[in-house]
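Data file: model.cif. Format and content: mmCIF, C-alpha atoms.
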```cif
data_upload
#
loop_
_atom_site.group_PDB
_atom_site.id
_atom_site.type_symbol
_atom_site.label_atom_id
_atom_site.label_comp_id
_atom_site.auth_asym_id
_atom_site.auth_seq_id
_atom_site.Cartn_x
_atom_site.Cartn_y
_atom_site.Cartn_z
ATOM 1 C CA MET A 1 239.917 6.548 -233.436
ATOM 2 C CA ASN A 2 240.378 5.584 -237.107
ATOM 3 C CA THR A 3 242.973 7.690 -238.922
ATOM 4 C CA THR A 4 244.431 7.137 -242.386
ATOM 5 C CA PRO A 5 248.088 6.100 -241.895
ATOM 6 C CA SER A 6 250.505 8.795 -243.058
ATOM 7 C CA LYS A 7 254.248 8.901 -242.410
ATOM 8 C CA THR A 8 254.280 12.538 -243.544
ATOM 9 C CA MET A 9 251.708 13.577 -240.931
ATOM 10 C CA ALA A 10 253.499 11.514 -238.285
ATOM 11 C CA ALA A 11 256.774 13.260 -239.168
ATOM 12 C CA LEU A 12 255.151 16.713 -238.923
ATOM 13 C CA TRP A 13 253.693 15.969 -235.501
ATOM 14 C CA MET A 14 257.060 14.575 -234.390
ATOM 15 C CA ALA A 15 258.739 17.816 -235.502
ATOM 16 C CA GLY A 16 256.519 19.608 -232.995
ATOM 17 C CA TRP A 17 257.430 17.047 -230.334
ATOM 18 C CA LEU A 18 261.151 17.491 -231.003
ATOM 19 C CA SER A 19 261.029 21.286 -230.804
ATOM 20 C CA LEU A 20 259.068 21.358 -227.565
ATOM 21 C CA MET A 21 261.202 18.650 -225.924
ATOM 22 C CA LEU A 22 264.401 20.545 -226.711
ATOM 23 C CA VAL A 23 263.071 23.665 -225.020
ATOM 24 C CA MET A 24 261.812 21.631 -222.056
ATOM 25 C CA ALA A 25 265.239 20.015 -221.561
ATOM 26 C CA VAL A 26 266.798 23.461 -221.145
ATOM 27 C CA ALA A 27 263.993 24.634 -218.846
ATOM 28 C CA GLY A 28 264.322 21.434 -216.807
ATOM 29 C CA ARG A 29 268.071 21.963 -216.422
ATOM 30 C CA GLU A 30 267.475 25.497 -215.135
ATOM 31 C CA THR A 31 264.676 24.667 -212.685
ATOM 32 C CA THR A 32 266.413 21.642 -211.138
ATOM 33 C CA ARG A 33 269.129 23.993 -209.918
ATOM 34 C CA GLU A 34 266.679 25.287 -207.301
ATOM 35 C CA LEU A 35 263.562 23.093 -207.052
ATOM 36 C CA ASN A 36 262.804 19.484 -206.129
ATOM 37 C CA VAL A 37 261.748 17.333 -209.083
ATOM 38 C CA PHE A 38 258.395 16.486 -207.428
ATOM 39 C CA GLU A 39 257.603 20.180 -207.284
ATOM 40 C CA ILE A 40 258.584 20.726 -210.915
ATOM 41 C CA MET A 41 256.372 17.857 -212.060
ATOM 42 C CA GLU A 42 253.364 19.063 -210.065
ATOM 43 C CA VAL A 43 253.601 22.675 -211.230
ATOM 44 C CA ARG A 44 253.957 21.383 -214.774
ATOM 45 C CA SER A 45 250.735 19.361 -214.434
ATOM 46 C CA VAL A 46 248.776 22.262 -212.921
ATOM 47 C CA ILE A 47 249.893 24.649 -215.669
ATOM 48 C CA GLY A 48 249.163 22.025 -218.310
ATOM 49 C CA PHE A 49 245.660 21.424 -216.931
ATOM 50 C CA THR A 50 244.944 25.158 -217.019
ATOM 51 C CA LEU A 51 246.174 25.444 -220.608
ATOM 52 C CA LEU A 52 244.092 22.467 -221.663
ATOM 53 C CA LEU A 53 240.753 23.755 -220.328
ATOM 54 C CA PRO A 54 240.029 26.155 -223.257
ATOM 55 C CA ILE A 55 240.849 23.390 -225.763
ATOM 56 C CA ILE A 56 238.498 20.983 -223.986
ATOM 57 C CA TYR A 57 235.778 23.654 -223.978
ATOM 58 C CA ARG A 58 236.149 24.188 -227.738
ATOM 59 C CA ALA A 59 236.022 20.412 -228.296
ATOM 60 C CA GLY A 60 232.615 20.187 -226.601
ATOM 61 C CA GLY A 61 233.418 20.050 -222.909
ATOM 62 C CA PHE A 62 234.539 17.191 -220.699
ATOM 63 C CA LYS A 63 232.441 14.703 -222.670
ATOM 64 C CA ALA A 64 235.165 15.046 -225.328
ATOM 65 C CA VAL A 65 237.664 13.418 -222.953
ATOM 66 C CA ALA A 66 235.339 10.832 -221.434
ATOM 67 C CA THR A 67 236.848 7.363 -221.467
ATOM 68 C CA LYS A 68 235.922 3.737 -220.942
ATOM 69 C CA ARG A 69 239.569 2.769 -220.555
ATOM 70 C CA LEU A 70 240.453 4.422 -217.256
ATOM 71 C CA PRO A 71 242.589 1.483 -215.990
ATOM 72 C CA GLN A 72 244.783 1.748 -219.090
ATOM 73 C CA HIS A 73 245.141 5.505 -218.605
ATOM 74 C CA LEU A 74 246.086 4.961 -214.954
ATOM 75 C CA ALA A 75 248.701 2.348 -215.858
ATOM 76 C CA ARG A 76 250.200 4.363 -218.691
ATOM 77 C CA ASN A 77 250.439 7.610 -216.780
ATOM 78 C CA GLY A 78 251.650 6.050 -213.542
ATOM 79 C CA VAL A 79 254.589 4.542 -215.427
ATOM 80 C CA HIS A 80 255.172 7.752 -217.364
ATOM 81 C CA TYR A 81 255.133 9.884 -214.204
ATOM 82 C CA PHE A 82 257.983 7.986 -212.571
ATOM 83 C CA ALA A 83 259.926 7.810 -215.853
ATOM 84 C CA GLN A 84 259.619 11.590 -216.241
ATOM 85 C CA LEU A 85 260.593 12.048 -212.605
ATOM 86 C CA GLY A 86 263.760 10.037 -213.219
ATOM 87 C CA TRP A 87 264.465 12.041 -216.392
ATOM 88 C CA PHE A 88 264.353 15.357 -214.537
ATOM 89 C CA TYR A 89 266.449 13.975 -211.657
ATOM 90 C CA ALA A 90 269.084 12.644 -214.077
ATOM 91 C CA LEU A 91 269.490 16.209 -215.380
ATOM 92 C CA THR A 92 270.912 17.129 -211.977
ATOM 93 C CA LEU A 93 273.552 14.369 -212.144
ATOM 94 C CA ILE A 94 274.825 14.186 -215.736
ATOM 95 C CA GLY A 95 274.965 16.391 -218.831
ATOM 96 C CA ILE A 96 271.822 17.282 -220.755
ATOM 97 C CA GLY A 97 273.122 15.636 -223.944
ATOM 98 C CA GLN A 98 273.985 12.413 -222.141
ATOM 99 C CA VAL A 99 270.566 12.199 -220.453
ATOM 100 C CA VAL A 100 268.808 12.380 -223.801
ATOM 101 C CA ALA A 101 271.282 10.020 -225.466
ATOM 102 C CA ILE A 102 270.804 7.323 -222.800
ATOM 103 C CA GLU A 103 267.052 7.844 -223.091
ATOM 104 C CA PHE A 104 267.361 6.530 -226.639
ATOM 105 C CA THR A 105 267.908 2.983 -225.538
ATOM 106 C CA MET A 106 264.096 3.269 -225.431
ATOM 107 C CA PRO A 107 263.534 2.136 -229.063
ATOM 108 C CA ILE A 108 265.043 -1.281 -228.270
ATOM 109 C CA TRP A 109 262.385 -1.894 -225.635
ATOM 110 C CA THR A 110 259.653 -0.186 -227.656
ATOM 111 C CA ALA A 111 260.278 -2.317 -230.733
ATOM 112 C CA LEU A 112 260.227 -5.524 -228.725
ATOM 113 C CA LEU A 113 257.084 -4.573 -226.795
ATOM 114 C CA ALA A 114 255.282 -3.315 -229.921
ATOM 115 C CA ALA A 115 256.009 -6.551 -231.770
ATOM 116 C CA THR A 116 254.928 -8.629 -228.760
ATOM 117 C CA PHE A 117 251.800 -6.803 -227.583
ATOM 118 C CA LEU A 118 250.631 -4.706 -230.552
ATOM 119 C CA SER A 119 251.467 -7.210 -233.307
ATOM 120 C CA GLU A 120 253.374 -4.546 -235.239
ATOM 121 C CA ARG A 121 255.408 -5.940 -238.137
ATOM 122 C CA MET A 122 259.180 -5.564 -237.902
ATOM 123 C CA THR A 123 260.529 -4.841 -241.383
ATOM 124 C CA VAL A 124 264.170 -4.751 -242.438
ATOM 125 C CA TRP A 125 263.970 -0.951 -242.682
ATOM 126 C CA LYS A 126 262.553 -0.570 -239.166
ATOM 127 C CA ILE A 127 265.242 -2.824 -237.738
ATOM 128 C CA SER A 128 267.941 -0.963 -239.677
ATOM 129 C CA ALA A 129 266.654 2.399 -238.414
ATOM 130 C CA ILE A 130 266.786 1.196 -234.815
ATOM 131 C CA VAL A 131 270.256 -0.341 -235.180
ATOM 132 C CA LEU A 132 271.719 2.771 -236.824
ATOM 133 C CA GLY A 133 270.079 4.982 -234.222
ATOM 134 C CA ILE A 134 271.437 2.981 -231.315
ATOM 135 C CA VAL A 135 274.940 2.888 -232.827
ATOM 136 C CA GLY A 136 274.744 6.651 -233.298
ATOM 137 C CA VAL A 137 273.722 7.127 -229.672
ATOM 138 C CA VAL A 138 276.612 4.942 -228.447
ATOM 139 C CA MET A 139 279.036 6.990 -230.545
ATOM 140 C CA ILE A 140 277.747 10.172 -228.920
ATOM 141 C CA VAL A 141 277.742 8.850 -225.342
ATOM 142 C CA ARG A 142 280.912 6.692 -225.565
ATOM 143 C CA PRO A 143 280.323 5.145 -222.119
ATOM 144 C CA ALA A 144 283.390 5.139 -219.901
ATOM 145 C CA THR A 145 284.799 1.872 -218.611
ATOM 146 C CA GLY A 146 285.186 3.234 -215.116
ATOM 147 C CA GLU A 147 282.625 3.738 -212.343
ATOM 148 C CA ILE A 148 279.042 4.131 -213.571
ATOM 149 C CA ASN A 149 277.398 7.423 -212.659
ATOM 150 C CA PRO A 150 274.050 6.902 -210.835
ATOM 151 C CA GLY A 151 272.589 9.473 -213.221
ATOM 152 C CA GLN A 152 273.233 7.076 -216.117
ATOM 153 C CA LEU A 153 271.343 4.270 -214.382
ATOM 154 C CA ILE A 154 268.452 6.590 -213.534
ATOM 155 C CA ALA A 155 268.313 7.781 -217.153
ATOM 156 C CA LEU A 156 268.298 4.151 -218.322
ATOM 157 C CA GLY A 157 265.434 3.311 -215.957
ATOM 158 C CA ALA A 158 263.543 6.324 -217.293
ATOM 159 C CA ALA A 159 264.103 5.069 -220.846
ATOM 160 C CA ILE A 160 262.550 1.696 -220.022
ATOM 161 C CA GLY A 161 259.607 3.463 -218.388
ATOM 162 C CA PHE A 162 259.139 5.692 -221.435
ATOM 163 C CA SER A 163 259.070 2.654 -223.734
ATOM 164 C CA ILE A 164 256.293 1.032 -221.682
ATOM 165 C CA SER A 165 254.427 4.336 -221.681
ATOM 166 C CA MET A 166 254.835 4.603 -225.471
ATOM 167 C CA ILE A 167 253.335 1.164 -226.066
ATOM 168 C CA LEU A 168 250.393 1.862 -223.763
ATOM 169 C CA ALA A 169 249.839 5.218 -225.493
ATOM 170 C CA LYS A 170 249.833 3.534 -228.914
ATOM 171 C CA SER A 171 247.250 1.063 -227.654
ATOM 172 C CA LEU A 172 245.098 3.929 -226.362
ATOM 173 C CA THR A 173 245.169 5.720 -229.745
ATOM 174 C CA ARG A 174 243.052 2.913 -231.172
ATOM 175 C CA THR A 175 240.004 4.221 -229.289
ATOM 176 C CA GLU A 176 241.034 7.523 -227.648
ATOM 177 C CA SER A 177 241.672 10.972 -229.113
ATOM 178 C CA ALA A 178 244.978 12.778 -228.597
ATOM 179 C CA LEU A 179 243.115 15.275 -226.401
ATOM 180 C CA SER A 180 241.732 12.524 -224.181
ATOM 181 C CA ILE A 181 245.150 10.867 -223.809
ATOM 182 C CA LEU A 182 246.713 14.194 -222.862
ATOM 183 C CA PHE A 183 243.934 15.114 -220.425
ATOM 184 C CA TRP A 184 244.190 11.883 -218.476
ATOM 185 C CA MET A 185 247.983 12.073 -218.431
ATOM 186 C CA ILE A 186 247.826 15.476 -216.742
ATOM 187 C CA VAL A 187 245.056 14.540 -214.301
ATOM 188 C CA VAL A 188 246.637 11.250 -213.200
ATOM 189 C CA GLN A 189 250.093 12.767 -212.757
ATOM 190 C CA MET A 190 248.678 15.769 -210.905
ATOM 191 C CA VAL A 191 246.965 13.460 -208.389
ATOM 192 C CA VAL A 192 249.941 11.082 -208.029
ATOM 193 C CA GLY A 193 252.379 13.909 -207.341
ATOM 194 C CA LEU A 194 250.248 16.009 -204.966
ATOM 195 C CA LEU A 195 251.331 14.558 -201.609
ATOM 196 C CA PRO A 196 255.080 14.349 -202.387
ATOM 197 C CA THR A 197 254.950 17.927 -203.654
ATOM 198 C CA LEU A 198 253.258 19.231 -200.508
ATOM 199 C CA TYR A 199 255.955 17.518 -198.441
ATOM 200 C CA VAL A 200 258.905 19.149 -200.282
ATOM 201 C CA TRP A 201 257.236 22.419 -201.331
ATOM 202 C CA THR A 202 259.242 25.656 -201.350
ATOM 203 C CA TRP A 203 258.143 28.782 -203.203
ATOM 204 C CA PRO A 204 260.084 29.281 -206.457
ATOM 205 C CA SER A 205 261.875 32.561 -207.002
ATOM 206 C CA ALA A 206 260.256 35.081 -209.350
ATOM 207 C CA SER A 207 262.685 34.324 -212.190
ATOM 208 C CA LEU A 208 262.032 30.609 -211.941
ATOM 209 C CA TRP A 209 258.286 30.928 -212.573
ATOM 210 C CA GLY A 210 259.037 31.736 -216.214
ATOM 211 C CA TRP A 211 260.953 28.483 -216.651
ATOM 212 C CA LEU A 212 258.180 26.548 -214.897
ATOM 213 C CA PHE A 213 255.630 28.024 -217.289
ATOM 214 C CA VAL A 214 257.816 26.947 -220.216
ATOM 215 C CA ILE A 215 257.929 23.400 -218.808
ATOM 216 C CA GLY A 216 254.143 23.436 -218.408
ATOM 217 C CA VAL A 217 253.562 24.534 -221.997
ATOM 218 C CA CYS A 218 256.164 22.241 -223.562
ATOM 219 C CA GLY A 219 255.311 19.265 -221.369
ATOM 220 C CA THR A 220 251.629 19.568 -222.250
ATOM 221 C CA PHE A 221 251.676 20.168 -225.973
ATOM 222 C CA SER A 222 254.678 17.949 -226.709
ATOM 223 C CA HIS A 223 252.594 14.963 -225.634
ATOM 224 C CA TYR A 224 249.693 16.143 -227.747
ATOM 225 C CA CYS A 225 252.085 16.079 -230.709
ATOM 226 C CA LEU A 226 253.335 12.608 -229.759
ATOM 227 C CA ALA A 227 249.836 11.169 -229.333
ATOM 228 C CA SER A 228 248.859 12.655 -232.701
ATOM 229 C CA ALA A 229 251.941 11.156 -234.388
ATOM 230 C CA LEU A 230 251.089 7.722 -232.988
ATOM 231 C CA ARG A 231 247.646 7.961 -234.584
ATOM 232 C CA TYR A 232 249.261 8.232 -238.017
ATOM 233 C CA ALA A 233 252.008 5.606 -237.737
ATOM 234 C CA ASP A 234 253.217 2.589 -235.769
ATOM 235 C CA ALA A 235 255.324 3.110 -232.667
ATOM 236 C CA THR A 236 258.259 1.447 -234.455
ATOM 237 C CA ILE A 237 258.081 4.231 -237.083
ATOM 238 C CA VAL A 238 257.429 7.146 -234.728
ATOM 239 C CA VAL A 239 260.101 6.343 -232.150
ATOM 240 C CA PRO A 240 263.126 6.273 -234.517
ATOM 241 C CA MET A 241 262.105 9.748 -235.758
ATOM 242 C CA ASP A 242 262.746 10.908 -232.207
ATOM 243 C CA PHE A 243 266.429 9.926 -232.583
ATOM 244 C CA LEU A 244 267.013 13.375 -234.059
ATOM 245 C CA ARG A 245 266.572 14.790 -230.558
ATOM 246 C CA VAL A 246 269.991 13.364 -229.610
ATOM 247 C CA PRO A 247 272.220 15.449 -231.919
ATOM 248 C CA LEU A 248 269.923 18.464 -231.504
ATOM 249 C CA THR A 249 270.168 18.268 -227.712
ATOM 250 C CA ALA A 250 273.933 17.746 -227.900
ATOM 251 C CA THR A 251 274.145 20.938 -229.937
ATOM 252 C CA VAL A 252 272.032 22.851 -227.402
ATOM 253 C CA GLY A 253 274.184 21.516 -224.559
ATOM 254 C CA TRP A 254 277.321 22.679 -226.364
ATOM 255 C CA LEU A 255 275.939 26.147 -227.092
ATOM 256 C CA LEU A 256 274.398 26.846 -223.672
ATOM 257 C CA TYR A 257 276.428 24.759 -221.221
ATOM 258 C CA SER A 258 279.745 24.180 -223.023
ATOM 259 C CA GLU A 259 279.102 20.429 -223.158
ATOM 260 C CA ARG A 260 281.240 18.461 -225.590
ATOM 261 C CA LEU A 261 280.339 18.455 -229.279
ATOM 262 C CA ASP A 262 283.060 16.715 -231.276
ATOM 263 C CA THR A 263 283.634 14.572 -234.342
ATOM 264 C CA TRP A 264 282.073 11.500 -232.706
ATOM 265 C CA THR A 265 278.905 13.455 -231.990
ATOM 266 C CA VAL A 266 278.704 14.595 -235.606
ATOM 267 C CA LEU A 267 279.230 11.031 -236.871
ATOM 268 C CA GLY A 268 276.623 9.699 -234.459
ATOM 269 C CA ALA A 269 274.161 12.338 -235.635
ATOM 270 C CA ALA A 270 274.810 11.293 -239.253
ATOM 271 C CA LEU A 271 273.994 7.660 -238.452
ATOM 272 C CA ILE A 272 270.828 8.718 -236.654
ATOM 273 C CA LEU A 273 269.717 10.762 -239.650
ATOM 274 C CA CYS A 274 270.416 7.844 -242.011
ATOM 275 C CA GLY A 275 268.346 5.584 -239.791
ATOM 276 C CA ASN A 276 265.417 7.981 -239.954
ATOM 277 C CA LEU A 277 265.624 8.186 -243.756
ATOM 278 C CA LEU A 278 265.613 4.383 -243.989
ATOM 279 C CA ASN A 279 262.641 4.226 -241.641
ATOM 280 C CA LEU A 280 260.605 6.463 -243.964
ATOM 281 C CA LYS A 281 261.225 4.173 -246.949
ATOM 282 C CA PRO A 282 257.896 2.714 -248.139
ATOM 283 C CA PRO A 283 257.522 -1.073 -247.850
ATOM 284 C CA SER A 284 258.076 -3.157 -250.942
ATOM 285 C CA PRO A 285 254.839 -4.262 -252.625
ATOM 286 C CA VAL A 286 253.847 -7.827 -251.930
ATOM 287 C CA PRO A 287 254.132 -9.816 -255.187
ATOM 288 C CA ALA A 288 250.912 -11.286 -256.481
ATOM 289 C CA ARG A 289 250.563 -14.995 -255.851
ATOM 290 C CA ALA A 290 250.936 -17.086 -258.958
ATOM 291 C CA ARG A 291 247.700 -18.679 -260.116
#
```
Represent the structure of the file as structure tokens.
Amino acid sequence: MNTTPSKTMAALWMAGWLSLMLVMAVAGRETTRELNVFEIMEVRSVIGFTLLLPIIYRAGGFKAVATKRLPQHLARNGVHYFAQLGWFYALTLIGIGQVVAIEFTMPIWTALLAATFLSERMTVWKISAIVLGIVGVVMIVRPATGEINPGQLIALGAAIGFSISMILAKSLTRTESALSILFWMIVVQMVVGLLPTLYVWTWPSASLWGWLFVIGVCGTFSHYCLASALRYADATIVVPMDFLRVPLTATVGWLLYSERLDTWTVLGAALILCGNLLNLKPPSPVPARAR
């Protein structure tokens, strides 16, 4: 799918991603109090598939999501499923702000993989954005020197999985529409999670169905926003924009769950914002070669 590169359009789509992911983090925290993560993931996929059907119909039916790259979709969504599973499980072990902050080791892996497999150019501004973002995340998390919480390791594993998924998604955007990428993500994850879900299934309480619906909506359309953003810009540009989710999630955690929001968090957020501004700086023109 050929799309004119645009950092502005990528930023707008990423704003949608950020908003939906913030809401989903809260909904995930609430549902994991009662339900198994396999069950949450499966209900999310079923709701997402139902929501997607009218959009597919308006796009011309299932021929709009037909693909010749099924193996790539299977690989990408298999990795993403287990990364998302780890992300939800980590929410049961550590604070919501810390889960998201640890997740942002992802740009390190994404930048390396994008440069290696997608031949994306690493500019000084991209590298600076990543460095500032990572420093900001470390300032927010301030890892303790004592015993490591298993939730931190699970969140780190999820971050590595997300980076692999991001690179595979960027590769798919070269030939696939955002709708096709989203459709196959939902279908693959719905099939992968069916048997584990049947094994652990318990009926959610009436109040919990509302949160599950929120997860279904946010989990579905957040990835549509992400896939659309990747069509307009390189992964090494899109991913640092997502750094803003760290201070925003820390703020939500403070407001809703009394999680810590202090001077270090504010300073870390400032570094993350500076990194994003640097990342949006246009590249310097290449000087004409002397004749």
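This file gives the following result for the PyMOL selection byres ((chain A and resi 122) around 12): Thr110, Ala111, Leu112, Leu113, Ala114, Ala115, Thr116, Leu118, Ser119, Glu120, Arg121, Thr123, Val124, Trp125, Lys126, Ile127, Ser128, Ala129, Ile130, Asp234, Ala235, Thr236, Ile237, Asn279 and Pro283 of chain A.
The residue that comes closest to Leu51 in chain A, out of A:Ala178, A:Ile108, A:Ile186, A:Leu91 and on the basis of all atoms listed in the file, is A:Ile186.
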Explicit residues for the PyMOL selection byres ((chain A and resi 226) around 9) (as an mmCIF file with C-alpha atoms, in the coordinates of the input):
```cif
data_model
loop_
_atom_site.group_PDB
_atom_site.id
_atom_site.type_symbol
_atom_site.label_atom_id
_atom_site.label_comp_id
_atom_site.auth_asym_id
_atom_site.auth_seq_id
_atom_site.Cartn_x
_atom_site.Cartn_y
_atom_site.Cartn_z
ATOM 1 C CA ALA A 10 253.499 11.514 -238.285
ATOM 2 C CA TRP A 13 253.693 15.969 -235.501
ATOM 3 C CA MET A 14 257.060 14.575 -234.390
ATOM 4 C CA GLY A 16 256.519 19.608 -232.995
ATOM 5 C CA TRP A 17 257.430 17.047 -230.334
ATOM 6 C CA ALA A 178 244.978 12.778 -228.597
ATOM 7 C CA PHE A 221 251.676 20.168 -225.973
ATOM 8 C CA SER A 222 254.678 17.949 -226.709
ATOM 9 C CA HIS A 223 252.594 14.963 -225.634
ATOM 10 C CA TYR A 224 249.693 16.143 -227.747
ATOM 11 C CA CYS A 225 252.085 16.079 -230.709
ATOM 12 C CA ALA A 227 249.836 11.169 -229.333
ATOM 13 C CA SER A 228 248.859 12.655 -232.701
ATOM 14 C CA ALA A 229 251.941 11.156 -234.388
ATOM 15 C CA LEU A 230 251.089 7.722 -232.988
ATOM 16 C CA ARG A 231 247.646 7.961 -234.584
ATOM 17 C CA VAL A 238 257.429 7.146 -234.728
#
```
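Taking CA of Met190 in chain A and CA of Val46 in chain A as endpoints, the distance between them is 6.8 Å.
Applied to this file, the PyMOL selection byres ((chain A and resi 249-264) around 7) selects the residues A:Leu22, A:Ile96, A:Gly97, A:Met139, A:Ile140, A:Arg245, A:Val246, A:Pro247, A:Leu248, A:Thr265, A:Val266, A:Leu267, A:Gly268.
Interatomic distance, CA of Val135 in chain A to CA of Cys218 in chain A: 28.5 Å.
Counting all atoms listed in the file, the residue from A:Ser6, A:Thr67, A:Thr92, A:Asn149 that sits nearest to Glu30 in chain A is A:Thr92.
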Written record: range 190-204 of chain A, N, CA and C atoms, as a compact mmCIF listing (two decimals), in the first residue's frame:
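part.txt, written as the output of this step:
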```txt
# COMPACT_ATOMS: atom_id res chain seq x y z
N MET A 190 -7.81 -14.94 18.11
CA MET A 190 -9.03 -15.60 18.56
C MET A 190 -8.88 -17.12 18.48
N VAL A 191 -8.23 -17.60 17.43
CA VAL A 191 -8.01 -19.05 17.26
C VAL A 191 -6.98 -19.56 18.25
N VAL A 192 -5.87 -18.82 18.41
CA VAL A 192 -4.79 -19.25 19.31
C VAL A 192 -5.29 -19.36 20.75
N GLY A 193 -6.14 -18.43 21.16
CA GLY A 193 -6.57 -18.40 22.56
C GLY A 193 -7.80 -19.20 22.89
N LEU A 194 -8.42 -19.87 21.90
CA LEU A 194 -9.69 -20.55 22.15
C LEU A 194 -9.58 -21.67 23.17
N LEU A 195 -8.65 -22.60 22.97
CA LEU A 195 -8.55 -23.75 23.88
C LEU A 195 -8.16 -23.35 25.30
N PRO A 196 -7.13 -22.50 25.48
CA PRO A 196 -6.82 -22.07 26.85
C PRO A 196 -7.99 -21.38 27.54
N THR A 197 -8.76 -20.62 26.77
CA THR A 197 -9.90 -19.91 27.35
C THR A 197 -10.98 -20.88 27.81
N LEU A 198 -11.26 -21.89 26.99
CA LEU A 198 -12.27 -22.88 27.37
C LEU A 198 -11.86 -23.62 28.64
N TYR A 199 -10.55 -23.80 28.82
CA TYR A 199 -10.06 -24.54 29.98
C TYR A 199 -10.24 -23.74 31.27
N VAL A 200 -10.06 -22.40 31.20
CA VAL A 200 -10.11 -21.57 32.42
C VAL A 200 -11.41 -20.78 32.54
N TRP A 201 -12.36 -20.99 31.64
CA TRP A 201 -13.53 -20.12 31.54
C TRP A 201 -14.37 -20.07 32.81
N THR A 202 -14.69 -18.86 33.26
CA THR A 202 -15.71 -18.61 34.27
C THR A 202 -16.52 -17.42 33.80
N TRP A 203 -17.81 -17.40 34.05
CA TRP A 203 -18.65 -16.31 33.57
C TRP A 203 -18.35 -15.02 34.34
N PRO A 204 -18.06 -13.94 33.61
CA PRO A 204 -17.80 -12.65 34.27
C PRO A 204 -19.07 -12.13 34.95
```
